[in-house]
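Asker: Before I ask anything, let me first share the structure, which is written out below as C-alpha cells.
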Amino acid sequence: MIQYNFKDDYSEGAHPSLLQALASANLKQQFRGYGKDEYCDEAIKIIRNKIGNQDIDIHFASSGTQANLVIISSILRPYESVISANTGHINLHEAGATEAIGHKINAVETKNGKLTPENIKPIIDFHEDEHMVKPRLVYISNSTELGSIYSKKELEELSVFCKGNNLYIYLDGARLGSALTAQQNDLTLHDISKLVDIFYIGGTKNGALLGEAIVINNNLLKENFRFYLKQRGALLAKSMVLGIQFSELFKDDLFFELGKHANVMASKLAVGIKNLHGEFLIEPVSNQIFPIFPNKLIEKLSEEYGFYVWEKVDDENSAVRLVTSWATKEEFIDKFISDLESDMTLR
C-alpha cells in the first residue's frame with residue numbers, strides 16, 4: 001500500500017487560504033469575465049509591485065503546458081524554431097504541443113538541464129540560411145526538469161548572448177517558487193523581469209488549485225496577446241478564479257513561504273539519503289532530487305512510496321525522482337528515511 005506520493009508537487013488540492021478566498025468571493029457579486037474582473041486587476045497590481053516593474057503585461061493561464069503553447073505560438077513565425085535543453089518540458093512532456101503548432105524544437109544535450117551560450121551557439125551557427133528553420137526563441141526552465149537552478153550570473157550571460165544574436169528568451173516558471181527560495185539562489189523576480197523577454201510564475205505546483213501568471217517584459221511581444229490566449233483556449237470566462245488565487249499567493253508572500261517549505265522538506269530528504277551514503281544524479285538544490293539506488297532497493301521502496309524511476313545508471317542501479325511540495329509533511333520524510341535505512345541490506 002502506497003503511504004506517500006513523491007511523484008510530483010501537484011497531488012494536493014490547494015492551500016487553505018486560497019480555498020477560503022475563493023469561497024468568500026463565491027456568489028458575493030457578479031464579475032466581468034475573461035481577465036477583466038476586479039480580482040485579476042488586483043492580482044496584476046500586486047505582482048507588478050512585487051516584481052518592481054510597472055511596465056509589464058500580466059495574463060493568466062490555467063496550466064504550464066497551455067502557457068508554453070500560447071507563448072511560443074505568439075512569438076514565432078512559421079519558419080522559426082525554439083531552442084531547448086533535451087530535458088526541457090516542451091521537448092519531453094507535452095505530447096508534441098510545440099510541434100503540433102508547426103515549430104521545430106532544436107534540442108540541446110545538457111548534463112544539468114541548463115542552457116548556456118556555449119551550447120546554444122552551435123545551433124545558431126548551423127542554421128545559416130533559408131533552407132533550414134531559423135532559431136528565434138530560447139526556452140529555459142527555473143528550476144529545470146532536473147531540479148537545478150540558474151544563478152544571476154548565468155542568466156545575465158544568457159540574456160546578453162540572446163540579445164546579441166537576435167533571440168528571444170523565455171523562462172518557464174512552473175517551479176519558480178522553489179527556484180527563488182532555494183538556498184543557493186541569488187535571483188529575484190525583478191532580476192528575471194530585466195533579463196528575459198517573457199516568463200510565467202507557476203501557481204499549480206506551488207499551492208494554487210490551478211493557474212499560471214504570464215509576465216511579458218518585452219514590449220514587442222505584448223501586442224494582441226489576448227488574441228493568442230483566446231485562440232488557444234486560455235482566456236477563461238471565470239478568470240476571477242485565477243485572479244483570486246494569485247492575489248492570495250502574493251499579497252503576503254505566501255508564494256515564497258510555500259516554495260521554501262517544499263525546499264526544506266527536499267533538503268531534509270537529501271541529507272538523510274546522503275547520511276546513508278546515497279549518491280545523486282545531480283546535486284540537490286530545489287524540491288526535485290534524484291538519488292541513485294540499487295534496482296532491488298527501488299523495487300522494495302515502490303511497495304510503499306510513489307516516485308518515478310528517472311533513468312538507468314548501470315545494470316544494477318537507477319536514478320529516481322523524489323519531489324516534495326508545499327504541503328509535504330515532515331513525518332513522511334522521516335518515515336521514508338527510516339524505511340530506506342531498514343532496506344539498506346538490499347544495496
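Every chain in the C-alpha cells has a letter given in the order shown (A, B, ...), and although residue numbers restart at 1 in each chain, ligands are simply numbered from 1 in the order shown.
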Apply DSSP to the backbone of this structure and, from segment 79-297 of chain A, keep only the residues in strand (DSSP E or B); write these as an MDAnalysis selection string.
Answerer: chainID A and resid 80:85 105:108 134:141 168:172 198:202 212:216 279:280 288:289 291:294
Asker: Can you pull out every residue within 7 Å of segment 194-202 of chain A, counting only C-alpha atoms, but drop anything in the same chain fewer than 5 positions away, and send it as number ranges by chain?
Answerer: A: 155-156, 159, 168-176, 211-218
Asker: Hey, which of A:Phe255, A:Phe161, A:Phe6, A:Phe31 ends up closest to Pro117 of chain A? Count only C-alpha atoms.
Answerer: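 Among the listed residues, the smallest separation from Pro117 of chain A belongs to A:Phe161.
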Asker: What does the distance between atom CA of Asn112 of chain A and atom CA of Gly147 of chain A come to in Å, to one decimal place?
Answerer: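 Separation of atom CA of Asn112 of chain A and atom CA of Gly147 of chain A: 8.4 Å.
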Asker: List every residue of segment 126-325 of chain A that DSSP, applied to the backbone of this structure, assigns to helix (DSSP H, G or I), and report them as a VMD selection string.
Answerer: chain A and resid 126 152 to 164 176 to 180 189 to 195 219 to 221 225 to 231 240 to 251 254 to 275 295 to 301
Asker: Go ahead and write the residues just picked, C-alpha atoms, as a PDB file, in the first residue's frame.
Answerer:
ATOM      1  CA  PHE A 126      24.485  25.510 -38.088  1.00  0.00           C
ATOM      2  CA  LYS A 152      22.119  35.535 -11.682  1.00  0.00           C
ATOM      3  CA  LYS A 153      25.451  35.390 -13.497  1.00  0.00           C
ATOM      4  CA  GLU A 154      24.306  32.506 -15.690  1.00  0.00           C
ATOM      5  CA  LEU A 155      21.068  34.235 -16.602  1.00  0.00           C
ATOM      6  CA  GLU A 156      22.874  37.517 -17.303  1.00  0.00           C
ATOM      7  CA  GLU A 157      25.298  35.766 -19.645  1.00  0.00           C
ATOM      8  CA  LEU A 158      22.450  34.013 -21.412  1.00  0.00           C
ATOM      9  CA  SER A 159      20.499  37.262 -21.721  1.00  0.00           C
ATOM     10  CA  VAL A 160      23.451  39.126 -23.238  1.00  0.00           C
ATOM     11  CA  PHE A 161      24.074  36.289 -25.686  1.00  0.00           C
ATOM     12  CA  CYS A 162      20.443  36.139 -26.788  1.00  0.00           C
ATOM     13  CA  LYS A 163      20.221  39.878 -27.321  1.00  0.00           C
ATOM     14  CA  GLY A 164      23.445  39.793 -29.320  1.00  0.00           C
ATOM     15  CA  LEU A 176       9.769  29.251  -9.883  1.00  0.00           C
ATOM     16  CA  GLY A 177       8.637  29.309  -6.255  1.00  0.00           C
ATOM     17  CA  SER A 178      11.096  26.569  -5.424  1.00  0.00           C
ATOM     18  CA  ALA A 179      13.871  28.124  -7.532  1.00  0.00           C
ATOM     19  CA  LEU A 180      13.629  31.580  -5.946  1.00  0.00           C
ATOM     20  CA  LEU A 189      11.663  38.409  -9.667  1.00  0.00           C
ATOM     21  CA  HIS A 190      12.971  41.859 -10.570  1.00  0.00           C
ATOM     22  CA  ASP A 191      16.172  40.363 -11.985  1.00  0.00           C
ATOM     23  CA  ILE A 192      14.201  37.911 -14.100  1.00  0.00           C
ATOM     24  CA  SER A 193      11.974  40.694 -15.383  1.00  0.00           C
ATOM     25  CA  LYS A 194      15.067  42.553 -16.623  1.00  0.00           C
ATOM     26  CA  LEU A 195      16.866  39.552 -18.100  1.00  0.00           C
ATOM     27  CA  ASN A 219       7.120  45.498 -25.448  1.00  0.00           C
ATOM     28  CA  LEU A 220       7.418  43.828 -28.856  1.00  0.00           C
ATOM     29  CA  LEU A 221       5.631  40.744 -27.512  1.00  0.00           C
ATOM     30  CA  PHE A 225      -1.508  38.666 -26.806  1.00  0.00           C
ATOM     31  CA  ARG A 226      -5.113  38.223 -25.671  1.00  0.00           C
ATOM     32  CA  PHE A 227      -5.974  37.008 -29.176  1.00  0.00           C
ATOM     33  CA  TYR A 228      -3.478  34.164 -28.755  1.00  0.00           C
ATOM     34  CA  LEU A 229      -4.917  33.368 -25.328  1.00  0.00           C
ATOM     35  CA  LYS A 230      -8.418  33.145 -26.778  1.00  0.00           C
ATOM     36  CA  GLN A 231      -7.373  31.116 -29.815  1.00  0.00           C
ATOM     37  CA  MET A 240     -11.577  35.515 -11.290  1.00  0.00           C
ATOM     38  CA  VAL A 241     -10.696  32.008 -10.064  1.00  0.00           C
ATOM     39  CA  LEU A 242      -7.116  32.688 -11.153  1.00  0.00           C
ATOM     40  CA  GLY A 243      -7.005  36.295 -10.002  1.00  0.00           C
ATOM     41  CA  ILE A 244      -8.222  35.428  -6.505  1.00  0.00           C
ATOM     42  CA  GLN A 245      -5.574  32.764  -6.086  1.00  0.00           C
ATOM     43  CA  PHE A 246      -2.652  34.884  -7.276  1.00  0.00           C
ATOM     44  CA  SER A 247      -3.749  37.751  -5.054  1.00  0.00           C
ATOM     45  CA  GLU A 248      -3.635  35.403  -2.081  1.00  0.00           C
ATOM     46  CA  LEU A 249      -0.291  33.931  -3.094  1.00  0.00           C
ATOM     47  CA  PHE A 250       1.478  37.278  -3.420  1.00  0.00           C
ATOM     48  CA  LYS A 251      -0.157  39.806  -1.146  1.00  0.00           C
ATOM     49  CA  LEU A 254       2.657  33.092   0.745  1.00  0.00           C
ATOM     50  CA  PHE A 255       4.063  32.085  -2.658  1.00  0.00           C
ATOM     51  CA  PHE A 256       7.607  32.236  -1.287  1.00  0.00           C
ATOM     52  CA  GLU A 257       6.719  30.574   2.017  1.00  0.00           C
ATOM     53  CA  LEU A 258       5.270  27.577   0.182  1.00  0.00           C
ATOM     54  CA  GLY A 259       8.253  27.296  -2.143  1.00  0.00           C
ATOM     55  CA  LYS A 260      10.616  27.420   0.824  1.00  0.00           C
ATOM     56  CA  HIS A 261       8.711  24.679   2.639  1.00  0.00           C
ATOM     57  CA  ALA A 262       8.997  22.368  -0.371  1.00  0.00           C
ATOM     58  CA  ASN A 263      12.749  23.031  -0.476  1.00  0.00           C
ATOM     59  CA  VAL A 264      13.232  22.447   3.252  1.00  0.00           C
ATOM     60  CA  MET A 265      11.470  19.099   3.004  1.00  0.00           C
ATOM     61  CA  ALA A 266      13.560  18.111  -0.040  1.00  0.00           C
ATOM     62  CA  SER A 267      16.755  19.192   1.707  1.00  0.00           C
ATOM     63  CA  LYS A 268      15.976  17.070   4.746  1.00  0.00           C
ATOM     64  CA  LEU A 269      15.242  14.129   2.480  1.00  0.00           C
ATOM     65  CA  ALA A 270      18.505  14.640   0.584  1.00  0.00           C
ATOM     66  CA  VAL A 271      20.560  14.934   3.778  1.00  0.00           C
ATOM     67  CA  GLY A 272      19.000  11.735   5.102  1.00  0.00           C
ATOM     68  CA  ILE A 273      19.899   9.904   1.902  1.00  0.00           C
ATOM     69  CA  LYS A 274      23.441  11.309   1.932  1.00  0.00           C
ATOM     70  CA  ASN A 275      23.919  10.220   5.551  1.00  0.00           C
ATOM     71  CA  ASN A 295      17.242  -1.594  -8.559  1.00  0.00           C
ATOM     72  CA  LYS A 296      16.356  -4.092  -5.822  1.00  0.00           C
ATOM     73  CA  LEU A 297      16.012  -1.270  -3.328  1.00  0.00           C
ATOM     74  CA  ILE A 298      13.842   0.704  -5.760  1.00  0.00           C
ATOM     75  CA  GLU A 299      11.540  -2.279  -6.148  1.00  0.00           C
ATOM     76  CA  LYS A 300      11.169  -2.563  -2.383  1.00  0.00           C
ATOM     77  CA  LEU A 301      10.571   1.159  -1.825  1.00  0.00           C
TER      78      LEU A 301
END
Asker: Tell me which of A:Phe307, A:Thr110, A:Leu209, A:Leu236 sits closest to Ser17 of chain A, counting only C-alpha atoms.
Answerer: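 Nearest candidate to Ser17 of chain A out of A:Phe307, A:Thr110, A:Leu209, A:Leu236: A:Leu209.
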Asker: Could you tell me how far atom CA of Arg136 of chain A sits from atom CA of Ile75 of chain A, in Å to one decimal place?
Answerer: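 Going from atom CA of Ile75 of chain A over to atom CA of Arg136 of chain A covers 8.6 Å.
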